[in-house]
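Undergrad: Here you go, work_16.pdb (PDB, C-alpha atoms):
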ATOM      1  CA  MET G   1      45.363  88.153  70.171  1.00  0.00           C
ATOM      2  CA  ARG G   2      44.940  85.062  68.109  1.00  0.00           C
ATOM      3  CA  SER G   3      41.238  84.659  67.496  1.00  0.00           C
ATOM      4  CA  ASP G   4      41.298  81.933  64.858  1.00  0.00           C
ATOM      5  CA  THR G   5      42.556  78.399  64.397  1.00  0.00           C
ATOM      6  CA  PRO G   6      44.345  77.689  61.082  1.00  0.00           C
ATOM      7  CA  LEU G   7      42.489  75.430  58.686  1.00  0.00           C
ATOM      8  CA  HIS G   8      43.565  71.834  58.160  1.00  0.00           C
ATOM      9  CA  PRO G   9      45.982  71.639  55.189  1.00  0.00           C
ATOM     10  CA  ASP G  10      43.501  69.457  53.264  1.00  0.00           C
ATOM     11  CA  THR G  11      40.805  72.114  53.654  1.00  0.00           C
ATOM     12  CA  VAL G  12      43.217  74.859  52.604  1.00  0.00           C
ATOM     13  CA  GLY G  13      44.102  72.850  49.511  1.00  0.00           C
ATOM     14  CA  ALA G  14      40.456  72.224  48.647  1.00  0.00           C
ATOM     15  CA  ILE G  15      39.528  75.914  48.882  1.00  0.00           C
ATOM     16  CA  ALA G  16      42.674  76.981  47.036  1.00  0.00           C
ATOM     17  CA  ALA G  17      41.826  74.574  44.211  1.00  0.00           C
ATOM     18  CA  SER G  18      38.628  76.516  43.570  1.00  0.00           C
ATOM     19  CA  GLY G  19      40.466  79.826  43.160  1.00  0.00           C
ATOM     20  CA  VAL G  20      43.576  81.358  41.610  1.00  0.00           C
ATOM     21  CA  VAL G  21      46.919  81.356  43.436  1.00  0.00           C
ATOM     22  CA  ARG G  22      48.670  84.739  43.429  1.00  0.00           C
ATOM     23  CA  ALA G  23      51.844  86.096  45.046  1.00  0.00           C
ATOM     24  CA  PHE G  24      51.866  89.585  46.594  1.00  0.00           C
ATOM     25  CA  PRO G  25      54.886  91.677  47.663  1.00  0.00           C
ATOM     26  CA  ARG G  26      55.167  93.117  51.155  1.00  0.00           C
ATOM     27  CA  ASN G  27      52.970  96.176  51.838  1.00  0.00           C
ATOM     28  CA  THR G  28      50.356  95.267  49.219  1.00  0.00           C
ATOM     29  CA  ILE G  29      46.781  96.291  50.054  1.00  0.00           C
ATOM     30  CA  LEU G  30      44.517  93.294  49.487  1.00  0.00           C
ATOM     31  CA  ILE G  31      41.308  94.789  50.852  1.00  0.00           C
ATOM     32  CA  ASN G  32      40.310  98.421  51.307  1.00  0.00           C
ATOM     33  CA  GLU G  33      37.896  99.301  54.098  1.00  0.00           C
ATOM     34  CA  GLY G  34      34.636 100.621  52.628  1.00  0.00           C
ATOM     35  CA  ASP G  35      35.087  99.050  49.184  1.00  0.00           C
ATOM     36  CA  ARG G  36      32.678  96.472  47.862  1.00  0.00           C
ATOM     37  CA  GLY G  37      34.478  93.242  47.041  1.00  0.00           C
ATOM     38  CA  ASP G  38      33.640  89.703  46.101  1.00  0.00           C
ATOM     39  CA  THR G  39      36.900  87.874  46.865  1.00  0.00           C
ATOM     40  CA  LEU G  40      38.213  85.763  49.713  1.00  0.00           C
ATOM     41  CA  TYR G  41      41.962  85.403  50.342  1.00  0.00           C
ATOM     42  CA  VAL G  42      43.218  82.088  51.703  1.00  0.00           C
ATOM     43  CA  ILE G  43      46.768  82.628  52.984  1.00  0.00           C
ATOM     44  CA  LEU G  44      49.157  79.925  51.790  1.00  0.00           C
ATOM     45  CA  SER G  45      52.365  81.614  52.979  1.00  0.00           C
ATOM     46  CA  GLY G  46      53.358  84.948  54.486  1.00  0.00           C
ATOM     47  CA  ARG G  47      51.375  87.184  56.838  1.00  0.00           C
ATOM     48  CA  VAL G  48      48.791  89.950  56.599  1.00  0.00           C
ATOM     49  CA  LYS G  49      47.558  92.681  58.912  1.00  0.00           C
ATOM     50  CA  VAL G  50      43.871  93.460  59.384  1.00  0.00           C
ATOM     51  CA  PHE G  51      43.288  97.067  60.421  1.00  0.00           C
ATOM     52  CA  SER G  52      40.928 100.018  60.416  1.00  0.00           C
ATOM     53  CA  SER G  53      41.872 103.675  59.970  1.00  0.00           C
ATOM     54  CA  ASN G  54      40.334 107.122  60.151  1.00  0.00           C
ATOM     55  CA  GLU G  55      40.521 110.089  57.767  1.00  0.00           C
ATOM     56  CA  ALA G  56      43.650 111.362  59.509  1.00  0.00           C
ATOM     57  CA  GLY G  57      45.408 108.083  58.701  1.00  0.00           C
ATOM     58  CA  ARG G  58      45.566 106.803  62.270  1.00  0.00           C
ATOM     59  CA  GLU G  59      45.423 102.999  62.359  1.00  0.00           C
ATOM     60  CA  PHE G  60      43.930 100.551  64.807  1.00  0.00           C
ATOM     61  CA  VAL G  61      45.260  97.035  64.276  1.00  0.00           C
ATOM     62  CA  ILE G  62      42.571  94.377  64.586  1.00  0.00           C
ATOM     63  CA  ASP G  63      44.536  91.200  63.950  1.00  0.00           C
ATOM     64  CA  PHE G  64      47.287  89.427  62.049  1.00  0.00           C
ATOM     65  CA  GLN G  65      46.672  86.321  59.931  1.00  0.00           C
ATOM     66  CA  GLY G  66      49.125  83.735  58.634  1.00  0.00           C
ATOM     67  CA  PRO G  67      49.266  80.474  56.662  1.00  0.00           C
ATOM     68  CA  GLY G  68      46.121  78.356  56.870  1.00  0.00           C
ATOM     69  CA  GLU G  69      43.939  81.361  57.711  1.00  0.00           C
ATOM     70  CA  TYR G  70      41.722  83.484  55.494  1.00  0.00           C
ATOM     71  CA  VAL G  71      40.453  87.054  55.219  1.00  0.00           C
ATOM     72  CA  GLY G  72      37.543  88.641  53.404  1.00  0.00           C
ATOM     73  CA  GLU G  73      34.842  86.106  54.278  1.00  0.00           C
ATOM     74  CA  MET G  74      32.395  88.869  55.209  1.00  0.00           C
ATOM     75  CA  MET G  75      32.030  89.646  51.500  1.00  0.00           C
ATOM     76  CA  LEU G  76      29.350  86.933  51.555  1.00  0.00           C
ATOM     77  CA  ASP G  77      26.698  89.529  52.454  1.00  0.00           C
ATOM     78  CA  GLY G  78      27.710  91.885  49.631  1.00  0.00           C
ATOM     79  CA  GLU G  79      28.154  94.849  51.973  1.00  0.00           C
ATOM     80  CA  PRO G  80      31.199  97.190  51.992  1.00  0.00           C
ATOM     81  CA  ARG G  81      34.404  95.839  53.532  1.00  0.00           C
ATOM     82  CA  SER G  82      34.530  96.440  57.296  1.00  0.00           C
ATOM     83  CA  ALA G  83      38.355  96.609  57.520  1.00  0.00           C
ATOM     84  CA  SER G  84      41.483  96.844  55.388  1.00  0.00           C
ATOM     85  CA  VAL G  85      44.050  94.091  54.866  1.00  0.00           C
ATOM     86  CA  ILE G  86      47.718  94.602  53.916  1.00  0.00           C
ATOM     87  CA  THR G  87      50.572  92.137  53.516  1.00  0.00           C
ATOM     88  CA  VAL G  88      53.343  92.531  56.107  1.00  0.00           C
ATOM     89  CA  ASP G  89      55.562  89.890  54.469  1.00  0.00           C
ATOM     90  CA  PRO G  90      55.713  88.590  50.884  1.00  0.00           C
ATOM     91  CA  THR G  91      52.482  86.589  50.805  1.00  0.00           C
ATOM     92  CA  THR G  92      50.929  83.946  48.574  1.00  0.00           C
ATOM     93  CA  CYS G  93      47.148  83.590  48.590  1.00  0.00           C
ATOM     94  CA  ALA G  94      44.456  81.609  46.849  1.00  0.00           C
ATOM     95  CA  VAL G  95      42.003  84.230  45.608  1.00  0.00           C
ATOM     96  CA  VAL G  96      38.459  82.829  45.631  1.00  0.00           C
ATOM     97  CA  SER G  97      35.337  84.549  44.275  1.00  0.00           C
ATOM     98  CA  ARG G  98      32.074  84.862  46.229  1.00  0.00           C
ATOM     99  CA  ALA G  99      30.371  82.365  43.934  1.00  0.00           C
ATOM    100  CA  GLN G 100      33.191  79.841  44.336  1.00  0.00           C
ATOM    101  CA  PHE G 101      33.184  80.295  48.100  1.00  0.00           C
ATOM    102  CA  ARG G 102      29.417  79.792  48.324  1.00  0.00           C
ATOM    103  CA  GLU G 103      29.710  76.584  46.313  1.00  0.00           C
ATOM    104  CA  PHE G 104      32.478  75.341  48.584  1.00  0.00           C
ATOM    105  CA  ILE G 105      30.419  76.051  51.732  1.00  0.00           C
ATOM    106  CA  LEU G 106      27.383  74.223  50.321  1.00  0.00           C
ATOM    107  CA  ALA G 107      29.522  71.226  49.385  1.00  0.00           C
ATOM    108  CA  HIS G 108      31.359  71.109  52.741  1.00  0.00           C
ATOM    109  CA  PRO G 109      28.958  71.497  55.708  1.00  0.00           C
ATOM    110  CA  ASP G 110      31.798  70.880  58.191  1.00  0.00           C
ATOM    111  CA  PHE G 111      33.516  73.981  56.871  1.00  0.00           C
ATOM    112  CA  ALA G 112      30.259  75.915  57.224  1.00  0.00           C
ATOM    113  CA  MET G 113      30.355  75.129  60.961  1.00  0.00           C
ATOM    114  CA  HIS G 114      34.004  76.254  61.089  1.00  0.00           C
ATOM    115  CA  LEU G 115      33.005  79.557  59.464  1.00  0.00           C
ATOM    116  CA  ILE G 116      30.140  80.095  61.928  1.00  0.00           C
ATOM    117  CA  GLU G 117      32.391  79.369  64.910  1.00  0.00           C
ATOM    118  CA  ARG G 118      35.056  81.695  63.504  1.00  0.00           C
ATOM    119  CA  LEU G 119      32.574  84.553  63.164  1.00  0.00           C
ATOM    120  CA  ILE G 120      31.333  83.953  66.726  1.00  0.00           C
ATOM    121  CA  ARG G 121      34.928  84.094  68.023  1.00  0.00           C
ATOM    122  CA  ARG G 122      35.503  87.325  66.134  1.00  0.00           C
ATOM    123  CA  VAL G 123      32.395  88.884  67.690  1.00  0.00           C
ATOM    124  CA  ARG G 124      33.662  87.857  71.129  1.00  0.00           C
ATOM    125  CA  VAL G 125      37.118  89.314  70.436  1.00  0.00           C
ATOM    126  CA  THR G 126      35.592  92.537  69.085  1.00  0.00           C
ATOM    127  CA  THR G 127      33.373  92.835  72.163  1.00  0.00           C
ATOM    128  CA  GLY G 128      36.394  92.318  74.406  1.00  0.00           C
ATOM    129  CA  ASN G 129      38.353  94.969  72.517  1.00  0.00           C
ATOM    130  CA  LEU G 130      35.497  97.467  72.800  1.00  0.00           C
ATOM    131  CA  LYS G 131      35.164  96.818  76.543  1.00  0.00           C
ATOM    132  CA  SER G 132      38.910  97.240  76.957  1.00  0.00           C
ATOM    133  CA  LEU G 133      38.939 100.539  75.057  1.00  0.00           C
ATOM    134  CA  ALA G 134      35.934 101.852  76.976  1.00  0.00           C
ATOM    135  CA  LEU G 135      36.744 100.613  80.469  1.00  0.00           C
ATOM    136  CA  SER G 136      40.540 100.217  80.692  1.00  0.00           C
ATOM    137  CA  ASP G 137      43.347 102.754  80.686  1.00  0.00           C
ATOM    138  CA  VAL G 138      46.345 102.403  78.364  1.00  0.00           C
ATOM    139  CA  TYR G 139      48.241 100.288  80.892  1.00  0.00           C
ATOM    140  CA  GLY G 140      45.308  97.905  81.267  1.00  0.00           C
ATOM    141  CA  ARG G 141      45.058  97.497  77.497  1.00  0.00           C
ATOM    142  CA  LEU G 142      48.813  96.884  77.254  1.00  0.00           C
ATOM    143  CA  VAL G 143      48.652  94.141  79.885  1.00  0.00           C
ATOM    144  CA  ARG G 144      45.673  92.548  78.143  1.00  0.00           C
ATOM    145  CA  LEU G 145      47.543  92.482  74.837  1.00  0.00           C
ATOM    146  CA  LEU G 146      50.774  91.056  76.266  1.00  0.00           C
ATOM    147  CA  ASN G 147      48.943  88.356  78.211  1.00  0.00           C
ATOM    148  CA  ALA G 148      46.894  87.424  75.140  1.00  0.00           C
ATOM    149  CA  LEU G 149      49.937  87.148  72.858  1.00  0.00           C
ATOM    150  CA  ALA G 150      52.370  85.463  75.263  1.00  0.00           C
ATOM    151  CA  GLN G 151      53.162  81.781  74.789  1.00  0.00           C
ATOM    152  CA  ASP G 152      55.141  79.349  76.925  1.00  0.00           C
ATOM    153  CA  VAL G 153      58.639  79.010  75.464  1.00  0.00           C
ATOM    154  CA  GLU G 154      60.934  76.724  77.471  1.00  0.00           C
ATOM    155  CA  GLY G 155      59.260  77.662  80.728  1.00  0.00           C
ATOM    156  CA  HIS G 156      59.084  81.397  79.993  1.00  0.00           C
ATOM    157  CA  LEU G 157      56.161  83.464  78.717  1.00  0.00           C
ATOM    158  CA  SER G 158      57.297  85.223  75.544  1.00  0.00           C
ATOM    159  CA  VAL G 159      55.530  87.112  72.785  1.00  0.00           C
ATOM    160  CA  PRO G 160      56.430  85.354  69.508  1.00  0.00           C
ATOM    161  CA  GLU G 161      55.688  88.407  67.360  1.00  0.00           C
ATOM    162  CA  LYS G 162      58.580  90.858  67.197  1.00  0.00           C
ATOM    163  CA  LEU G 163      56.580  93.969  67.975  1.00  0.00           C
ATOM    164  CA  THR G 164      57.831  97.539  67.838  1.00  0.00           C
ATOM    165  CA  GLN G 165      56.478 100.120  70.271  1.00  0.00           C
ATOM    166  CA  GLN G 166      54.465 101.556  67.372  1.00  0.00           C
ATOM    167  CA  ASP G 167      52.997  98.115  66.633  1.00  0.00           C
ATOM    168  CA  ILE G 168      51.844  97.862  70.242  1.00  0.00           C
ATOM    169  CA  ALA G 169      50.495 101.411  70.229  1.00  0.00           C
ATOM    170  CA  ASP G 170      48.443 100.687  67.103  1.00  0.00           C
ATOM    171  CA  ARG G 171      46.949  97.591  68.707  1.00  0.00           C
ATOM    172  CA  VAL G 172      45.926  99.193  71.993  1.00  0.00           C
ATOM    173  CA  GLY G 173      44.877 102.618  70.711  1.00  0.00           C
ATOM    174  CA  ALA G 174      47.625 104.678  72.341  1.00  0.00           C
ATOM    175  CA  SER G 175      50.606 106.850  71.448  1.00  0.00           C
ATOM    176  CA  ARG G 176      54.051 105.343  70.880  1.00  0.00           C
ATOM    177  CA  ASP G 177      55.505 107.633  73.560  1.00  0.00           C
ATOM    178  CA  MET G 178      53.052 106.355  76.178  1.00  0.00           C
ATOM    179  CA  ILE G 179      53.810 102.719  75.298  1.00  0.00           C
ATOM    180  CA  GLY G 180      57.546 103.452  75.409  1.00  0.00           C
ATOM    181  CA  LYS G 181      57.245 104.909  78.915  1.00  0.00           C
ATOM    182  CA  LEU G 182      55.154 102.000  80.227  1.00  0.00           C
ATOM    183  CA  MET G 183      57.439  99.380  78.715  1.00  0.00           C
ATOM    184  CA  LYS G 184      60.510 101.126  80.152  1.00  0.00           C
ATOM    185  CA  ASP G 185      58.899 101.172  83.610  1.00  0.00           C
ATOM    186  CA  LEU G 186      57.940  97.478  83.406  1.00  0.00           C
ATOM    187  CA  VAL G 187      61.464  96.529  82.353  1.00  0.00           C
ATOM    188  CA  ALA G 188      62.957  98.617  85.168  1.00  0.00           C
ATOM    189  CA  GLY G 189      60.574  96.957  87.618  1.00  0.00           C
ATOM    190  CA  GLY G 190      61.707  93.488  86.587  1.00  0.00           C
ATOM    191  CA  TYR G 191      58.375  92.496  85.042  1.00  0.00           C
ATOM    192  CA  LEU G 192      59.516  92.399  81.421  1.00  0.00           C
ATOM    193  CA  ALA G 193      62.664  91.753  79.431  1.00  0.00           C
ATOM    194  CA  VAL G 194      62.982  93.046  75.885  1.00  0.00           C
ATOM    195  CA  GLU G 195      65.766  91.821  73.631  1.00  0.00           C
ATOM    196  CA  GLU G 196      65.824  92.298  69.860  1.00  0.00           C
ATOM    197  CA  ARG G 197      62.098  93.137  69.997  1.00  0.00           C
ATOM    198  CA  THR G 198      61.304  89.854  71.757  1.00  0.00           C
ATOM    199  CA  ILE G 199      59.217  90.544  74.860  1.00  0.00           C
ATOM    200  CA  THR G 200      59.452  88.098  77.774  1.00  0.00           C
ATOM    201  CA  ILE G 201      57.160  88.300  80.795  1.00  0.00           C
ATOM    202  CA  LEU G 202      59.388  87.595  83.812  1.00  0.00           C
ATOM    203  CA  ARG G 203      56.645  87.718  86.424  1.00  0.00           C
ATOM    204  CA  LYS G 204      52.939  88.393  86.607  1.00  0.00           C
ATOM    205  CA  LEU G 205      52.136  91.895  85.424  1.00  0.00           C
ATOM    206  CA  PRO G 206      50.441  94.158  87.996  1.00  0.00           C
ATOM    207  CA  THR G 207      46.747  94.860  87.436  1.00  0.00           C
ATOM    208  CA  GLY G 208      47.383  98.584  87.803  1.00  0.00           C
ATOM    209  CA  TRP G 209      50.322 100.945  87.325  1.00  0.00           C
TER
END
Please go through the file and, once you have read it, give me the structure as structure tokens.
TA:
Amino acid sequence: MRSDTPLHPDTVGAIAASGVVRAFPRNTILINEGDRGDTLYVILSGRVKVFSSNEAGREFVIDFQGPGEYVGEMMLDGEPRSASVITVDPTTCAVVSRAQFREFILAHPDFAMHLIERLIRRVRVTTGNLKSLALSDVYGRLVRLLNALAQDVEGHLSVPEKLTQQDIADRVGASRDMIGKLMKDLVAGGYLAVEERTITILRKLPTGW
């Protein structure tokens, strides 16, 4: 569910120049949900996962972000972080303080519009996710995810992310066993092909199962 458009390389460079470039190993927590922070992370290379979790440790994956994207912009209001962010690959970021970010926004009104549009898109995506969780069963949420992630690759719809069944379960709010059963049924029915964790949609997925 890609909700954001990567920044232009010139914009990435301009923001990065106002901060400090740091490299982070895989599985490094950049942001902890509930903490108060004053830093923005502009991703120069690698990939991060944005997620929320409960006291039992169960995760719900909100999004993934890659090069040219950024996380932590909601620190502008000074309130506690609304989600956690962890690196899923070795990742290099420009770490920018709240003060530096404010100065950049004031000096670049075009970027201010980009930020507003990004936040609007995120609200729309969040609303869609809430509706899906409230009104759709697990199968409906699985179909929504696969259709949102699939891209045309040489005439076939394929999901570029190499997702495990647990990855999918975390993103649709279901158990791994349930996702495994549904995926197995869809493969057996000729709707999906899965090879080396690459999912290809062979024909339109049924609206119900």
Undergrad: Identify all residues satisfying the PyMOL selection byres ((chain G and resi 7) around 12) in the given file; provide them as a list in words.
TA: Asp4, Thr5, Pro6, His8, Pro9, Asp10, Thr11, Val12, Gly13, Ala14, Ile15, Ala16, Val42, Ile43, Leu44, Gln65, Gly66, Pro67, Gly68, Glu69, Tyr70, Asp110, Phe111, His114, Leu115 and Arg118 of chain G
Undergrad: Residues within 7 Å of G:Arg22, please, as a count of residues only. Count only C-alpha atoms; anything in the same chain fewer than 3 positions from it doesn't count.
TA: 3
Undergrad: Quick one: distance from atom CA of G:Ser136 to atom CA of G:Gly189 in Å, one decimal?
TA: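 Interatomic distance here is 21.4 Å.
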Undergrad: Just checking: using all atoms listed in the file, which residue out of G:Leu192, G:Val71, G:Ala17, G:Ala23 ends up closest to G:Ser84?
TA: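 Residue with the minimum atom-to-atom distance to G:Ser84: G:Val71.
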Undergrad: Taking the file as I've supplied it (selection: the PyMOL selection byres ((chain G and resi 171-174) around 8)), which residues are included? Please answer as a list of chain:residue names.
TA: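 Given this file, the PyMOL selection byres ((chain G and resi 171-174) around 8) evaluates to G:Phe60, G:Val61, G:Ile62, G:Leu133, G:Val138, G:Arg141, G:Leu142, G:Leu145, G:Asp167, G:Ile168, G:Ala169, G:Asp170, G:Ser175, G:Arg176, G:Met178, G:Ile179.
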Undergrad: Which residue out of G:Glu154, G:Ala188, G:Val123, G:Gly180 has the minimum interatomic distance to G:Gln166 when only C-alpha atoms are used?
TA: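 Among the listed residues, G:Gly180 lies closest to G:Gln166.
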Undergrad: Work out how far atom CA of G:Leu202 is from atom CA of G:Lys49, in Å to one decimal.
TA: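 Interatomic distance, atom CA of G:Lys49 to atom CA of G:Leu202: 28.0 Å.
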Undergrad: If I take atom CA of G:Leu130 and atom CA of G:Val194, how far is one from the other in Å, to one decimal?
TA: 28.0 Å
Undergrad: Which residue, G:Gly140, G:Gly19, G:Gly208, G:Gly128, has the smallest gap to G:Ala99 when you use only C-alpha atoms?
TA: G:Gly19
Undergrad: Take the PyMOL selection byres ((chain G and resi 83) around 12), apply it to the structure above, and return the hits as a VMD selection string.
TA: chain G and resid 29 to 37 49 to 54 59 to 63 71 to 75 79 to 82 84 to 86
Undergrad: Calculated over only C-alpha atoms, which of the candidates G:Val187, G:Leu182, G:Ile201, G:Ile116 has the smallest distance to G:His156?
TA: G:Ile201
Undergrad: Counting only C-alpha atoms, note down every residue that has an atom within 8 Å of the point (53.6, 84.5, 69.1) (file coordinates), as a PDB file with C-alpha atoms, in the coordinates of the input.
TA:
ATOM      1  CA  LEU G 149      49.937  87.148  72.858  1.00  0.00           C
ATOM      2  CA  ALA G 150      52.370  85.463  75.263  1.00  0.00           C
ATOM      3  CA  GLN G 151      53.162  81.781  74.789  1.00  0.00           C
ATOM      4  CA  SER G 158      57.297  85.223  75.544  1.00  0.00           C
ATOM      5  CA  VAL G 159      55.530  87.112  72.785  1.00  0.00           C
ATOM      6  CA  PRO G 160      56.430  85.354  69.508  1.00  0.00           C
ATOM      7  CA  GLU G 161      55.688  88.407  67.360  1.00  0.00           C
TER       8      GLU G 161
END
